[in-house]
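Have a look at entry03.pdb below; it lists PDB, C-alpha atoms.
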```pdb
ATOM      1  CA  MET A   1     -57.490  28.268 -10.338
ATOM      2  CA  LYS A   2     -61.294  27.971 -10.339
ATOM      3  CA  THR A   3     -61.614  30.435 -13.203
ATOM      4  CA  ARG A   4     -59.251  28.333 -15.263
ATOM      5  CA  TRP A   5     -61.290  25.221 -14.520
ATOM      6  CA  LEU A   6     -64.460  27.007 -15.620
ATOM      7  CA  ARG A   7     -62.758  28.221 -18.779
ATOM      8  CA  PHE A   8     -61.838  24.636 -19.680
ATOM      9  CA  SER A   9     -65.244  23.308 -18.803
ATOM     10  CA  ILE A  10     -66.933  25.066 -21.746
ATOM     11  CA  PRO A  11     -64.890  23.341 -24.484
ATOM     12  CA  LEU A  12     -65.091  20.188 -22.400
ATOM     13  CA  ALA A  13     -68.858  20.300 -22.752
ATOM     14  CA  VAL A  14     -69.032  21.615 -26.318
ATOM     15  CA  VAL A  15     -66.397  19.448 -28.023
ATOM     16  CA  PRO A  16     -68.054  16.042 -27.353
ATOM     17  CA  VAL A  17     -71.385  17.415 -28.611
ATOM     18  CA  LEU A  18     -69.714  18.727 -31.788
ATOM     19  CA  LEU A  19     -67.929  15.399 -32.299
ATOM     20  CA  LEU A  20     -71.211  13.543 -31.912
ATOM     21  CA  LEU A  21     -72.873  15.877 -34.431
ATOM     22  CA  ALA A  22     -69.987  15.450 -36.892
ATOM     23  CA  TYR A  23     -70.233  11.663 -36.545
ATOM     24  CA  GLY A  24     -73.971  11.900 -37.195
ATOM     25  CA  PHE A  25     -73.448  13.977 -40.334
ATOM     26  CA  TRP A  26     -70.800  11.658 -41.728
ATOM     27  CA  THR A  27     -72.718   8.431 -41.271
ATOM     28  CA  ASN A  28     -75.382   7.310 -43.706
ATOM     29  CA  PRO A  29     -78.652   6.895 -41.776
ATOM     30  CA  ARG A  30     -79.857   4.351 -44.341
ATOM     31  CA  GLU A  31     -76.811   2.166 -43.946
ATOM     32  CA  ILE A  32     -77.744  -0.146 -41.122
ATOM     33  CA  PRO A  33     -75.423  -3.121 -40.797
ATOM     34  CA  SER A  34     -77.201  -6.471 -40.967
ATOM     35  CA  PRO A  35     -76.636  -8.711 -37.963
ATOM     36  CA  LEU A  36     -77.108 -11.691 -40.303
ATOM     37  CA  ILE A  37     -73.768 -11.411 -42.109
ATOM     38  CA  GLY A  38     -71.698 -14.499 -41.360
ATOM     39  CA  LYS A  39     -74.653 -16.315 -39.812
ATOM     40  CA  PRO A  40     -76.495 -19.331 -41.247
ATOM     41  CA  ALA A  41     -79.143 -18.260 -43.740
ATOM     42  CA  ALA A  42     -82.685 -18.828 -42.488
ATOM     43  CA  LYS A  43     -84.237 -21.919 -44.035
ATOM     44  CA  PHE A  44     -87.467 -21.540 -45.911
ATOM     45  CA  THR A  45     -89.796 -23.413 -48.195
ATOM     46  CA  LEU A  46     -92.052 -21.408 -50.466
ATOM     47  CA  THR A  47     -94.247 -22.268 -53.409
ATOM     48  CA  SER A  48     -93.159 -20.576 -56.605
ATOM     49  CA  PHE A  49     -95.522 -18.782 -58.963
ATOM     50  CA  ALA A  50     -95.117 -21.842 -61.208
ATOM     51  CA  GLY A  51     -96.444 -23.981 -58.347
ATOM     52  CA  ASP A  52     -93.159 -25.730 -57.485
ATOM     53  CA  PRO A  53     -91.747 -25.986 -53.963
ATOM     54  CA  VAL A  54     -88.694 -23.784 -53.457
ATOM     55  CA  SER A  55     -86.545 -24.785 -50.521
ATOM     56  CA  LEU A  56     -83.240 -23.177 -49.621
ATOM     57  CA  GLU A  57     -82.020 -26.450 -48.131
ATOM     58  CA  ARG A  58     -82.159 -28.017 -51.574
ATOM     59  CA  TYR A  59     -79.414 -25.690 -52.767
ATOM     60  CA  ARG A  60     -76.902 -26.360 -49.978
ATOM     61  CA  GLY A  61     -73.457 -26.638 -51.546
ATOM     62  CA  ARG A  62     -74.265 -24.005 -54.163
ATOM     63  CA  VAL A  63     -73.917 -20.251 -54.028
ATOM     64  CA  VAL A  64     -77.362 -18.641 -53.697
ATOM     65  CA  MET A  65     -78.348 -15.137 -54.716
ATOM     66  CA  LEU A  66     -81.620 -14.366 -52.946
ATOM     67  CA  ASN A  67     -83.445 -11.330 -54.275
ATOM     68  CA  PHE A  68     -86.399  -9.671 -52.520
ATOM     69  CA  TRP A  69     -88.559  -7.634 -54.874
ATOM     70  CA  ALA A  70     -92.098  -6.397 -55.547
ATOM     71  CA  SER A  71     -93.968  -5.223 -58.631
ATOM     72  CA  TRP A  72     -94.895  -1.979 -56.815
ATOM     73  CA  CYS A  73     -91.243  -1.155 -56.157
ATOM     74  CA  ARG A  74     -90.461   1.489 -58.731
ATOM     75  CA  PRO A  75     -88.052   2.248 -60.206
ATOM     76  CA  ALA A  76     -85.373   0.213 -58.382
ATOM     77  CA  CYS A  77     -86.908  -3.260 -58.847
ATOM     78  CA  TYR A  78     -87.641  -2.523 -62.506
ATOM     79  CA  GLU A  79     -84.127  -1.288 -63.108
ATOM     80  CA  GLU A  80     -82.458  -4.263 -61.472
ATOM     81  CA  ALA A  81     -84.813  -6.914 -62.907
ATOM     82  CA  PRO A  82     -82.802  -7.373 -66.148
ATOM     83  CA  VAL A  83     -79.604  -7.553 -64.066
ATOM     84  CA  ILE A  84     -81.018 -10.434 -62.016
ATOM     85  CA  GLU A  85     -81.967 -12.446 -65.114
ATOM     86  CA  ARG A  86     -78.611 -11.663 -66.779
ATOM     87  CA  THR A  87     -76.774 -12.818 -63.657
ATOM     88  CA  TRP A  88     -78.813 -16.032 -63.549
ATOM     89  CA  GLN A  89     -78.041 -16.752 -67.192
ATOM     90  CA  ALA A  90     -74.346 -16.012 -66.736
ATOM     91  CA  TYR A  91     -73.867 -18.064 -63.560
ATOM     92  CA  ARG A  92     -76.459 -20.870 -63.649
ATOM     93  CA  ASP A  93     -73.870 -23.307 -65.019
ATOM     94  CA  LYS A  94     -71.205 -22.225 -62.540
ATOM     95  CA  GLY A  95     -72.903 -23.453 -59.391
ATOM     96  CA  VAL A  96     -75.026 -20.395 -58.643
ATOM     97  CA  VAL A  97     -78.738 -20.426 -57.912
ATOM     98  CA  VAL A  98     -80.873 -17.301 -58.164
ATOM     99  CA  LEU A  99     -84.082 -17.175 -56.139
ATOM    100  CA  GLY A 100     -86.648 -14.403 -56.138
ATOM    101  CA  VAL A 101     -88.969 -13.633 -53.226
ATOM    102  CA  ASP A 102     -91.912 -11.375 -53.978
ATOM    103  CA  VAL A 103     -92.910  -9.220 -51.014
ATOM    104  CA  GLN A 104     -96.374  -7.822 -50.193
ATOM    105  CA  ASP A 105     -97.606  -8.032 -53.741
ATOM    106  CA  GLN A 106    -100.711  -8.705 -55.796
ATOM    107  CA  ASP A 107    -100.546 -12.039 -57.575
ATOM    108  CA  GLU A 108    -101.522 -10.678 -60.961
ATOM    109  CA  ALA A 109     -99.124  -7.732 -60.841
ATOM    110  CA  ALA A 110     -96.298  -9.996 -59.715
ATOM    111  CA  ARG A 111     -96.883 -12.475 -62.549
ATOM    112  CA  LYS A 112     -96.947  -9.590 -65.024
ATOM    113  CA  PHE A 113     -93.600  -8.377 -63.673
ATOM    114  CA  ILE A 114     -92.040 -11.840 -64.058
ATOM    115  CA  GLU A 115     -93.391 -12.075 -67.592
ATOM    116  CA  GLN A 116     -92.236  -8.583 -68.513
ATOM    117  CA  PHE A 117     -88.646  -9.341 -67.547
ATOM    118  CA  GLN A 118     -88.817 -12.990 -68.608
ATOM    119  CA  HIS A 119     -87.449 -14.178 -65.311
ATOM    120  CA  SER A 120     -86.599 -17.850 -65.714
ATOM    121  CA  PHE A 121     -85.342 -18.522 -62.159
ATOM    122  CA  PRO A 122     -87.746 -19.568 -59.364
ATOM    123  CA  ASN A 123     -89.790 -16.679 -58.008
ATOM    124  CA  SER A 124     -92.120 -17.168 -55.067
ATOM    125  CA  PRO A 125     -94.555 -15.016 -53.136
ATOM    126  CA  ASP A 126     -93.903 -14.650 -49.400
ATOM    127  CA  PRO A 127     -97.299 -14.843 -47.691
ATOM    128  CA  GLY A 128     -97.248 -13.256 -44.254
ATOM    129  CA  GLY A 129     -93.791 -11.816 -44.861
ATOM    130  CA  HIS A 130     -92.099 -14.615 -42.892
ATOM    131  CA  VAL A 131     -89.083 -14.975 -45.165
ATOM    132  CA  ALA A 132     -88.636 -11.191 -45.458
ATOM    133  CA  VAL A 133     -88.578 -10.802 -41.658
ATOM    134  CA  ASP A 134     -86.346 -13.871 -41.281
ATOM    135  CA  TYR A 135     -83.837 -12.030 -43.466
ATOM    136  CA  GLY A 136     -84.322  -8.696 -41.718
ATOM    137  CA  VAL A 137     -85.558  -7.044 -44.912
ATOM    138  CA  TYR A 138     -86.295  -3.313 -44.533
ATOM    139  CA  GLY A 139     -87.565  -2.643 -47.998
ATOM    140  CA  VAL A 140     -87.252  -3.840 -51.553
ATOM    141  CA  PRO A 141     -85.093  -4.458 -53.424
ATOM    142  CA  GLU A 142     -82.622  -6.250 -51.186
ATOM    143  CA  THR A 143     -80.328  -9.042 -52.285
ATOM    144  CA  PHE A 144     -78.531 -11.576 -50.126
ATOM    145  CA  PHE A 145     -75.555 -13.650 -51.177
ATOM    146  CA  ILE A 146     -75.342 -17.028 -49.458
ATOM    147  CA  ASP A 147     -72.180 -19.119 -49.629
ATOM    148  CA  ARG A 148     -71.866 -22.845 -50.240
ATOM    149  CA  GLN A 149     -71.956 -23.534 -46.502
ATOM    150  CA  GLY A 150     -75.316 -21.793 -46.290
ATOM    151  CA  ARG A 151     -74.116 -18.621 -44.546
ATOM    152  CA  VAL A 152     -75.254 -15.106 -45.409
ATOM    153  CA  ARG A 153     -72.133 -13.353 -46.633
ATOM    154  CA  PHE A 154     -73.221 -10.132 -48.315
ATOM    155  CA  LYS A 155     -76.304  -7.968 -48.352
ATOM    156  CA  GLN A 156     -77.126  -5.455 -51.042
ATOM    157  CA  VAL A 157     -79.654  -2.809 -50.040
ATOM    158  CA  GLY A 158     -81.231  -1.169 -53.061
ATOM    159  CA  GLU A 159     -80.736  -1.765 -56.737
ATOM    160  CA  LEU A 160     -78.306  -4.495 -57.755
ATOM    161  CA  THR A 161     -75.872  -3.791 -60.553
ATOM    162  CA  ASP A 162     -74.021  -6.225 -62.835
ATOM    163  CA  ALA A 163     -70.718  -5.194 -61.265
ATOM    164  CA  ILE A 164     -71.866  -5.825 -57.676
ATOM    165  CA  ALA A 165     -73.479  -9.164 -58.559
ATOM    166  CA  ARG A 166     -70.374 -10.285 -60.411
ATOM    167  CA  GLU A 167     -68.006  -9.214 -57.652
ATOM    168  CA  ARG A 168     -70.006 -10.913 -54.886
ATOM    169  CA  LEU A 169     -70.565 -14.138 -56.811
ATOM    170  CA  GLU A 170     -66.961 -14.393 -57.981
ATOM    171  CA  THR A 171     -65.778 -13.952 -54.380
ATOM    172  CA  LEU A 172     -68.034 -16.747 -53.159
ATOM    173  CA  LEU A 173     -67.286 -19.037 -56.102
ATOM    174  CA  ALA A 174     -63.547 -18.589 -55.575
ATOM    175  CA  GLU A 175     -63.854 -20.047 -52.074
ATOM    176  CA  LYS A 176     -63.179 -23.728 -51.630
ATOM    177  CA  PRO A 177     -66.345 -25.842 -51.659
TER
ATOM    178  CA  MET B   1    -129.791 -32.181 -56.977
ATOM    179  CA  THR B   2    -128.706 -34.529 -54.172
ATOM    180  CA  PRO B   3    -125.225 -35.242 -55.563
ATOM    181  CA  LEU B   4    -124.769 -31.483 -55.908
ATOM    182  CA  LEU B   5    -125.717 -30.956 -52.267
ATOM    183  CA  VAL B   6    -123.370 -33.709 -51.149
ATOM    184  CA  ALA B   7    -120.572 -32.183 -53.209
ATOM    185  CA  ALA B   8    -121.278 -28.753 -51.708
ATOM    186  CA  ALA B   9    -121.287 -30.195 -48.176
ATOM    187  CA  ALA B  10    -118.014 -31.997 -48.872
ATOM    188  CA  LEU B  11    -116.486 -28.769 -50.171
ATOM    189  CA  VAL B  12    -117.592 -26.865 -47.071
ATOM    190  CA  LEU B  13    -116.144 -29.567 -44.842
ATOM    191  CA  LEU B  14    -112.905 -29.657 -46.797
ATOM    192  CA  ALA B  15    -112.543 -25.876 -46.762
ATOM    193  CA  GLY B  16    -113.584 -25.430 -43.139
ATOM    194  CA  GLY B  17    -111.903 -28.471 -41.633
ATOM    195  CA  PRO B  18    -108.233 -27.717 -42.237
ATOM    196  CA  ALA B  19    -108.798 -23.993 -41.646
ATOM    197  CA  ARG B  20    -110.170 -24.719 -38.197
ATOM    198  CA  ALA B  21    -107.401 -27.154 -37.435
ATOM    199  CA  ALA B  22    -104.721 -24.684 -38.572
ATOM    200  CA  SER B  23    -106.107 -21.716 -36.663
ATOM    201  CA  PRO B  24    -103.645 -20.808 -33.890
ATOM    202  CA  PRO B  25    -104.679 -20.936 -30.236
ATOM    203  CA  ALA B  26    -105.954 -17.721 -28.677
ATOM    204  CA  VAL B  27    -103.245 -15.158 -28.022
ATOM    205  CA  ASN B  28    -103.590 -12.248 -25.659
ATOM    206  CA  GLU B  29    -103.866  -9.223 -27.953
ATOM    207  CA  GLU B  30    -102.546  -6.978 -25.182
ATOM    208  CA  THR B  31     -99.298  -8.958 -25.170
ATOM    209  CA  VAL B  32     -99.084  -8.654 -28.965
ATOM    210  CA  HIS B  33     -99.611  -4.892 -28.659
ATOM    211  CA  GLU B  34     -97.063  -4.598 -25.870
ATOM    212  CA  ILE B  35     -94.349  -6.357 -27.896
ATOM    213  CA  ALA B  36     -95.309  -4.482 -31.090
ATOM    214  CA  SER B  37     -95.078  -1.132 -29.279
ATOM    215  CA  GLN B  38     -91.456  -1.882 -28.365
ATOM    216  CA  LEU B  39     -90.444  -2.602 -31.960
ATOM    217  CA  ARG B  40     -89.580  -0.015 -34.570
ATOM    218  CA  CYS B  41     -91.574  -0.157 -37.790
ATOM    219  CA  VAL B  42     -88.841  -0.761 -40.381
ATOM    220  CA  VAL B  43     -90.524   1.164 -43.193
ATOM    221  CA  CYS B  44     -91.723   4.164 -41.145
ATOM    222  CA  GLN B  45     -90.256   7.228 -39.523
ATOM    223  CA  SER B  46     -90.362   6.982 -35.712
ATOM    224  CA  LEU B  47     -93.407   4.732 -35.500
ATOM    225  CA  SER B  48     -93.747   1.507 -33.602
ATOM    226  CA  VAL B  49     -94.995  -1.735 -35.150
ATOM    227  CA  ALA B  50     -98.094  -1.302 -32.976
ATOM    228  CA  ASP B  51     -98.870   2.192 -34.297
ATOM    229  CA  SER B  52     -97.961   1.852 -37.967
ATOM    230  CA  PRO B  53    -100.723   1.227 -40.518
ATOM    231  CA  SER B  54     -98.201  -0.188 -43.029
ATOM    232  CA  GLU B  55     -98.471  -3.724 -44.361
ATOM    233  CA  THR B  56     -94.983  -4.538 -43.104
ATOM    234  CA  ALA B  57     -96.023  -3.651 -39.551
ATOM    235  CA  SER B  58     -99.219  -5.653 -39.981
ATOM    236  CA  GLN B  59     -97.182  -8.683 -41.088
ATOM    237  CA  MET B  60     -94.834  -8.211 -38.148
ATOM    238  CA  ARG B  61     -97.801  -8.138 -35.754
ATOM    239  CA  GLY B  62     -98.954 -11.370 -37.397
ATOM    240  CA  ILE B  63     -95.543 -12.930 -36.789
ATOM    241  CA  ILE B  64     -95.603 -11.802 -33.125
ATOM    242  CA  ARG B  65     -99.046 -13.424 -32.773
ATOM    243  CA  GLU B  66     -97.874 -16.664 -34.391
ATOM    244  CA  ARG B  67     -94.765 -16.913 -32.259
ATOM    245  CA  LEU B  68     -96.719 -16.327 -29.046
ATOM    246  CA  ALA B  69     -99.241 -18.930 -30.192
ATOM    247  CA  ALA B  70     -96.347 -21.349 -30.743
ATOM    248  CA  GLY B  71     -95.466 -20.954 -27.058
ATOM    249  CA  GLU B  72     -92.665 -18.379 -27.177
ATOM    250  CA  THR B  73     -92.360 -15.876 -24.337
ATOM    251  CA  PRO B  74     -92.563 -12.118 -25.101
ATOM    252  CA  ALA B  75     -88.800 -11.895 -24.461
ATOM    253  CA  GLN B  76     -88.120 -14.658 -26.988
ATOM    254  CA  VAL B  77     -90.298 -12.930 -29.583
ATOM    255  CA  ARG B  78     -88.437  -9.652 -29.010
ATOM    256  CA  ASP B  79     -85.098 -11.453 -29.263
ATOM    257  CA  TYR B  80     -86.159 -12.993 -32.577
ATOM    258  CA  PHE B  81     -86.622  -9.521 -34.094
ATOM    259  CA  VAL B  82     -83.339  -8.297 -32.554
ATOM    260  CA  ASP B  83     -81.578 -11.331 -34.101
ATOM    261  CA  LYS B  84     -82.911 -10.387 -37.522
ATOM    262  CA  TYR B  85     -82.647  -6.582 -37.443
ATOM    263  CA  GLY B  86     -80.174  -5.879 -34.648
ATOM    264  CA  PRO B  87     -80.836  -3.783 -31.504
ATOM    265  CA  TRP B  88     -81.888  -0.955 -33.868
ATOM    266  CA  ILE B  89     -85.330  -2.574 -34.022
ATOM    267  CA  LEU B  90     -85.933  -1.763 -30.351
ATOM    268  CA  LEU B  91     -87.434   1.683 -29.810
ATOM    269  CA  SER B  92     -85.750   1.848 -26.389
ATOM    270  CA  PRO B  93     -82.083   0.860 -26.486
ATOM    271  CA  PRO B  94     -81.180  -2.000 -24.101
ATOM    272  CA  ARG B  95     -79.831  -0.906 -20.710
ATOM    273  CA  ARG B  96     -76.490  -2.660 -21.074
ATOM    274  CA  GLY B  97     -73.106  -2.247 -22.743
ATOM    275  CA  PHE B  98     -72.495   0.852 -24.835
ATOM    276  CA  ASP B  99     -76.248   1.523 -25.095
ATOM    277  CA  LEU B 100     -76.315   2.122 -21.339
ATOM    278  CA  LEU B 101     -74.654   5.458 -22.113
ATOM    279  CA  VAL B 102     -77.918   6.693 -23.670
ATOM    280  CA  TRP B 103     -79.690   6.150 -20.353
ATOM    281  CA  VAL B 104     -76.923   7.433 -18.085
ATOM    282  CA  ALA B 105     -75.537  10.360 -20.118
ATOM    283  CA  PRO B 106     -78.509  12.759 -19.671
ATOM    284  CA  PHE B 107     -78.346  12.439 -15.864
ATOM    285  CA  LEU B 108     -74.567  12.699 -15.923
ATOM    286  CA  VAL B 109     -74.682  15.864 -18.043
ATOM    287  CA  LEU B 110     -77.449  17.298 -15.831
ATOM    288  CA  GLY B 111     -75.315  16.606 -12.757
ATOM    289  CA  ILE B 112     -72.256  18.285 -14.296
ATOM    290  CA  GLY B 113     -74.434  21.260 -15.302
ATOM    291  CA  LEU B 114     -75.832  21.644 -11.778
ATOM    292  CA  VAL B 115     -72.340  21.528 -10.278
ATOM    293  CA  MET B 116     -71.191  24.195 -12.746
ATOM    294  CA  VAL B 117     -74.165  26.432 -11.960
ATOM    295  CA  ALA B 118     -73.519  26.010  -8.235
ATOM    296  CA  LEU B 119     -69.863  26.965  -8.731
ATOM    297  CA  VAL B 120     -70.728  30.043 -10.768
ATOM    298  CA  VAL B 121     -73.389  31.194  -8.284
ATOM    299  CA  ARG B 122     -70.959  30.790  -5.419
ATOM    300  CA  ARG B 123     -68.410  32.907  -7.258
ATOM    301  CA  TRP B 124     -70.968  35.645  -7.905
ATOM    302  CA  ARG B 125     -72.023  35.724  -4.268
ATOM    303  CA  ARG B 126     -68.455  36.002  -3.117
ATOM    304  CA  ALA B 127     -67.484  38.620  -5.667
ATOM    305  CA  PRO B 128     -68.889  41.768  -3.912
ATOM    306  CA  SER B 129     -67.031  41.025  -0.658
ATOM    307  CA  ARG B 130     -63.727  41.133  -2.519
ATOM    308  CA  VAL B 131     -64.284  44.735  -3.688
ATOM    309  CA  SER B 132     -64.092  46.503  -0.326
ATOM    310  CA  PRO B 133     -64.636  50.296  -0.268
ATOM    311  CA  PRO B 134     -61.496  52.402  -0.035
ATOM    312  CA  ALA B 135     -60.563  53.271   3.506
ATOM    313  CA  LEU B 136     -61.349  56.866   4.469
ATOM    314  CA  ASP B 137     -58.771  58.814   6.326
ATOM    315  CA  SER B 138     -59.782  60.883   9.319
ATOM    316  CA  ALA B 139     -59.516  64.240   7.448
ATOM    317  CA  VAL B 140     -62.097  63.175   4.846
ATOM    318  CA  ARG B 141     -64.314  61.741   7.561
ATOM    319  CA  GLU B 142     -64.174  65.051   9.443
ATOM    320  CA  ARG B 143     -65.017  67.006   6.264
ATOM    321  CA  ILE B 144     -68.049  64.840   5.511
ATOM    322  CA  ARG B 145     -69.282  65.246   9.061
ATOM    323  CA  ARG B 146     -68.969  69.037   8.799
ATOM    324  CA  GLU B 147     -70.770  69.218   5.486
ATOM    325  CA  MET B 148     -73.610  67.086   6.799
ATOM    326  CA  GLU B 149     -73.997  69.382   9.737
ATOM    327  CA  GLU B 150     -74.144  72.398   7.438
ATOM    328  CA  LEU B 151     -76.847  70.717   5.392
ATOM    329  CA  ASP B 152     -78.890  70.017   8.496
ATOM    330  CA  ARG B 153     -78.980  73.643   9.431
TER
END
```
Go ahead and render the structure in this file as structure tokens.
Amino acid sequence: MKTRWLRFSIPLAVVPVLLLLAYGFWTNPREIPSPLIGKPAAKFTLTSFAGDPVSLERYRGRVVMLNFWASWCRPACYEEAPVIERTWQAYRDKGVVVLGVDVQDQDEAARKFIEQFQHSFPNSPDPGGHVAVDYGVYGVPETFFIDRQGRVRFKQVGELTDAIARERLETLLAEKP
Amino acid sequence: MTPLLVAAAALVLLAGGPARAASPPAVNEETVHEIASQLRCVVCQSLSVADSPSETASQMRGIIRERLAAGETPAQVRDYFVDKYGPWILLSPPRRGFDLLVWVAPFLVLGIGLVMVALVVRRWRRAPSRVSPPALDSAVRERIRREMEELDR
């Protein structure tokens, strides 16, 4: 009887460890779910590179695409920069606002980036990183989609593509105001 | 020259005045360090916000300082970061709910291991007693005795 118990005890100890290992291998260590999804988006007021105040509160009732970027973020920020401007141009008349937040950057380099990609939506530096931490940003680029009620609905970690931007915005625009 | 001096003095006052007024009240740096050492640096590998030289960690330390200066308790500051990043941000998982398993499991596994070792050792110690030597019949006994006697001579 005891021998049988001991024989079972080995798989009993090994199987949970193997399952845990398998789970670890199958999960993406970079994919950390944001606790902000579904919660009200943190309010902020920044001053854009153009010198205008940029307040999230002002855009309540509109769908907001909030993009965190930096001029030192290569190549992802450079690859998605045209996508952001294209999205802004395609959706600006449909009730969507695109806002850029520049993280831990040099003023001159950031302005050069904006000029290079001819970004025409408001872009603001984030001194002290308050807005980035308020949005639980790990690194750049990260893009948040905020619905008309001012709740964070989607988070894109890494480069944004036209398809993802379109899908997210269409979903939020399709919802009743 | 005088108007220039007046202008310079006014500039100094203007620049210094608001800066002084905006400077936060003194915060205990040990408390800042203590909170920072419990938070994971989000851009590093296994480094705390206190230990990381990255700019992100530096900004996070700044935010800790500001929040303490605004009158928040260390627990409230910690909770702010957990709200934004989830419990992942804590280097030590909280001792409640599912995370409690991380604290309990090692002791549980150690306990099970010790019990198993004890069981195995007990079996080993018992094992020799089970294999008793074959019983000798009187004829063999008598033969051994005789042969021993012959050897002694």
**Fill in**
chain B proximity check over A:Val17, A:Val63, A:Val54, A:Leu160, using all atoms listed in the file: winner is A:Val17
**Message:** Could you check which residues have any atom within 9 Å of (-84.4, -2.6, -47.6), counting all atoms listed in the file with coordinates taken straight from the file, and then list them as an NGL selection string?
**Reply:** (:A and (30 or 68 or 136-143 or 156-158)) or (:B and (42-43))
Within 9 Å of chain B, which residues belong to chain A? Use all atoms listed in the file and report them as a PDB file with C-alpha atoms, keeping the file's coordinate frame.
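File produced: result09.pdb:
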```pdb
ATOM      1  CA  LYS A   2     -61.294  27.971 -10.339  1.00  0.00           C
ATOM      2  CA  LEU A   6     -64.460  27.007 -15.620  1.00  0.00           C
ATOM      3  CA  SER A   9     -65.244  23.308 -18.803  1.00  0.00           C
ATOM      4  CA  ALA A  13     -68.858  20.300 -22.752  1.00  0.00           C
ATOM      5  CA  ILE A  32     -77.744  -0.146 -41.122  1.00  0.00           C
ATOM      6  CA  PRO A  33     -75.423  -3.121 -40.797  1.00  0.00           C
ATOM      7  CA  SER A  34     -77.201  -6.471 -40.967  1.00  0.00           C
ATOM      8  CA  PRO A  35     -76.636  -8.711 -37.963  1.00  0.00           C
ATOM      9  CA  LEU A  36     -77.108 -11.691 -40.303  1.00  0.00           C
ATOM     10  CA  GLN A 104     -96.374  -7.822 -50.193  1.00  0.00           C
ATOM     11  CA  GLY A 128     -97.248 -13.256 -44.254  1.00  0.00           C
ATOM     12  CA  GLY A 129     -93.791 -11.816 -44.861  1.00  0.00           C
ATOM     13  CA  HIS A 130     -92.099 -14.615 -42.892  1.00  0.00           C
ATOM     14  CA  VAL A 133     -88.578 -10.802 -41.658  1.00  0.00           C
ATOM     15  CA  ASP A 134     -86.346 -13.871 -41.281  1.00  0.00           C
ATOM     16  CA  TYR A 135     -83.837 -12.030 -43.466  1.00  0.00           C
ATOM     17  CA  GLY A 136     -84.322  -8.696 -41.718  1.00  0.00           C
ATOM     18  CA  VAL A 137     -85.558  -7.044 -44.912  1.00  0.00           C
ATOM     19  CA  TYR A 138     -86.295  -3.313 -44.533  1.00  0.00           C
ATOM     20  CA  GLY A 139     -87.565  -2.643 -47.998  1.00  0.00           C
TER      21      GLY A 139
END
```
**Message:** Quick one: residues within 8 Å of Leu172 (chain A), all atoms listed in the file, excluding same-chain residues fewer than 3 positions away - as a list in words?
**Reply:** Val63, Asp147, Arg148, Arg168, Leu169 and Glu175 of chain A
Axis-aligned box for region 89-107 of chain B, 5 Å per side, centre and edges in Å as AutoDock Vina command-line options:
```
--center_x -80.0 --center_y 5.0 --center_z -24.9 --size_x 24.9 --size_y 25.4 --size_z 28.2
```
**Request:** Provide the CA of Glu66 (chain B) to CA of Glu30 (chain B) distance in Å, to one decimal place.
**Result:** 14.2 Å
**Asked** What's the 10 Å shell around Ser55 (chain A), counting all atoms listed in the file, without same-chain residues fewer than 4 positions away, as a PyMOL selection string?
**Response** chain A and resi 43-48+59-60+99
**Asked** So, counting only C-alpha atoms, which residue among A:Ala76, A:Leu56, A:Val64, A:Leu12 is closest to Lys94 (chain A)?
**Response** A:Val64
